[in-house]
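These notes are about the structure you will find just below.
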Amino acid sequence: MKLIISGATGFVAKEVIRQSLSRSEITSVVALARKPVPVPEKLADGAEPSKLKSVIVEDYDRYSEEAKKEFAGAAACIWTVAITPTKSRTYDFEEVKRVCQTSTIAGLRAMHEAGATKPFRFLYMSGAAAERDQTKIPRFQPEYSLMRGETENMVLALATELGGVEASVAKPGYITAPGQILRSITGTMIQLAAGIPSISVVDLATAMLDQVVNGFEKDPLMPEDLIRIAKSASGQS
């Protein structure tokens with residue numbers, strides 16, 4: 001299968017690419033970013049770096065015909081483009097919304113128009129705090145959390161409208177990384193304060209790849225679901 005990974009130079013996407021190059025089911029990886037995407041370091045034995053195709057776009061809310069040609073025949077996309085909650089505080093909210101919402105919808109439309117396969121699986125990476133119910137007022141960064149939840153709703157609605165598109169939303173908690181002690185401490189503090197379990201970037205990538213390769217088991221994919229899927233996919237008990 002041909003897999004598109006957006007935001008390909010980002011923290012999570014790099015790990016998704018690294019694992020993708022070792023999965024036999026994935027024959028081509030289209031790495032979508034605003035700058036060249038190198039082959040990840042520390043590839044597993046048997047990985048095939050030749051499967052990686054770096055596709056550069058001016059921005060994620062507009063696509064050239066050359067970029068769309070690379071989308072043709074794709075079977076799935078893992079969409080990771082976003083401004084994180086912490087970084088969002090340093091941007092004008094309209095810019096945050098453009099990156100997190102407008103770009104996501106534009107990307108899905110462009111992939112569909114380019115001639116993706118049917119069914120085309122679109123996995124939108126959001127966050128555990130994103131609120132789909134627009135009548136609620138979340139405790140944590142309410143404007144941001146509602147916007148991310150609204151984007152989830154828009155992705156699911158557009159998938160239905162377009163036809164031939166299967167969509168789901170991954171909603172991880174805080175994302176940790178091997179060897180990064182500060183991230184692990186932060187993840188533990190968030191779990192204690194909010195009751196939301198953290199997940200390692202390795203497990204998150206494993207879970208998301210499992211779902212686009214084998215099909216979505218549900219929507220949304222909450223933190224507990226992602227942890228469980230990753231353990232099952234990696235053979236952990």
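By order in the structure tokens, chains are A, B, ...; within a chain, residues start at 1; ligands start at 1, following the order shown.
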Long-range neighbours of Thr151 of chain A as a VMD selection string, 9 Å cut-off, only C-alpha atoms, 6 positions minimum in chain: chain A and resid 100 to 102 104 to 105 126 132
Any idea what's packed within 12 Å of segment 33-40 of chain A, counting only C-alpha atoms, ignoring anything in its chain fewer than 4 positions away? Could you give it as a ChimeraX atom specification? /A:4-22,29,44,47-63,67,79-81,107
Tell me, in Å to one decimal, how far atom CA of Thr206 of chain A is from atom CA of Arg148 of chain A.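 Atom-to-atom, atom CA of Thr206 of chain A to atom CA of Arg148 of chain A, that is 22.9 Å.
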Near Ser168 of chain A, counting only C-alpha atoms, which residues have an atom at most 8 Å away, once you skip same-chain residues fewer than 2 positions from it, shown as a PyMOL selection string? chain A and resi 122-124+156+166+170+216+218-221
Among segment 12-198 of chain A, which ones does DSSP place in strand (DSSP E), written as an NGL selection string? :A and (28-33 or 52-56 or 76-79 or 120-125 or 165-170 or 175-176)
For Val201 of chain A, find every residue with an atom within 6 Å (counting only C-alpha atoms), except residues of its own chain fewer than 5 positions away, and show them as an MDAnalysis selection string. chainID A and resid 175:177
For a quick check of understanding, using only C-alpha atoms, which of A:Glu224, A:Glu143, A:Asp203, A:Glu217 has the smallest distance to Ala167 of chain A? A:Glu217
Which value, in Å to one decimal, gives the distance between atom CA of Val155 of chain A and atom CA of Thr117 of chain A?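 About the pair atom CA of Val155 of chain A and atom CA of Thr117 of chain A: they are 17.7 Å apart.
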Segment 136-142 of chain A surroundings by only C-alpha atoms, 12 Å radius, close-in-sequence under 2 positions cut, as a list in words: Thr84, Pro85, Thr86, Lys87, Ser88, Arg89, Phe93, Gly127, Ala128, Ala129, Ala130, Glu131, Arg132, Asp133, Gln134, Tyr144, Ser145, Leu146, Met147, Arg148, Gly149, Glu150, Ile190, Ala193 and Ala194 of chain A
What's around Leu204 of chain A at 7 Å? Count only C-alpha atoms, leave out sequence neighbours fewer than 5 positions away in its own chain, and write the answer as a PyMOL selection string. chain A and resi 199+226+230
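Counting from atom CA of Ala72 of chain A, the distance to atom CA of Gly46 of chain A is 26.8 Å.
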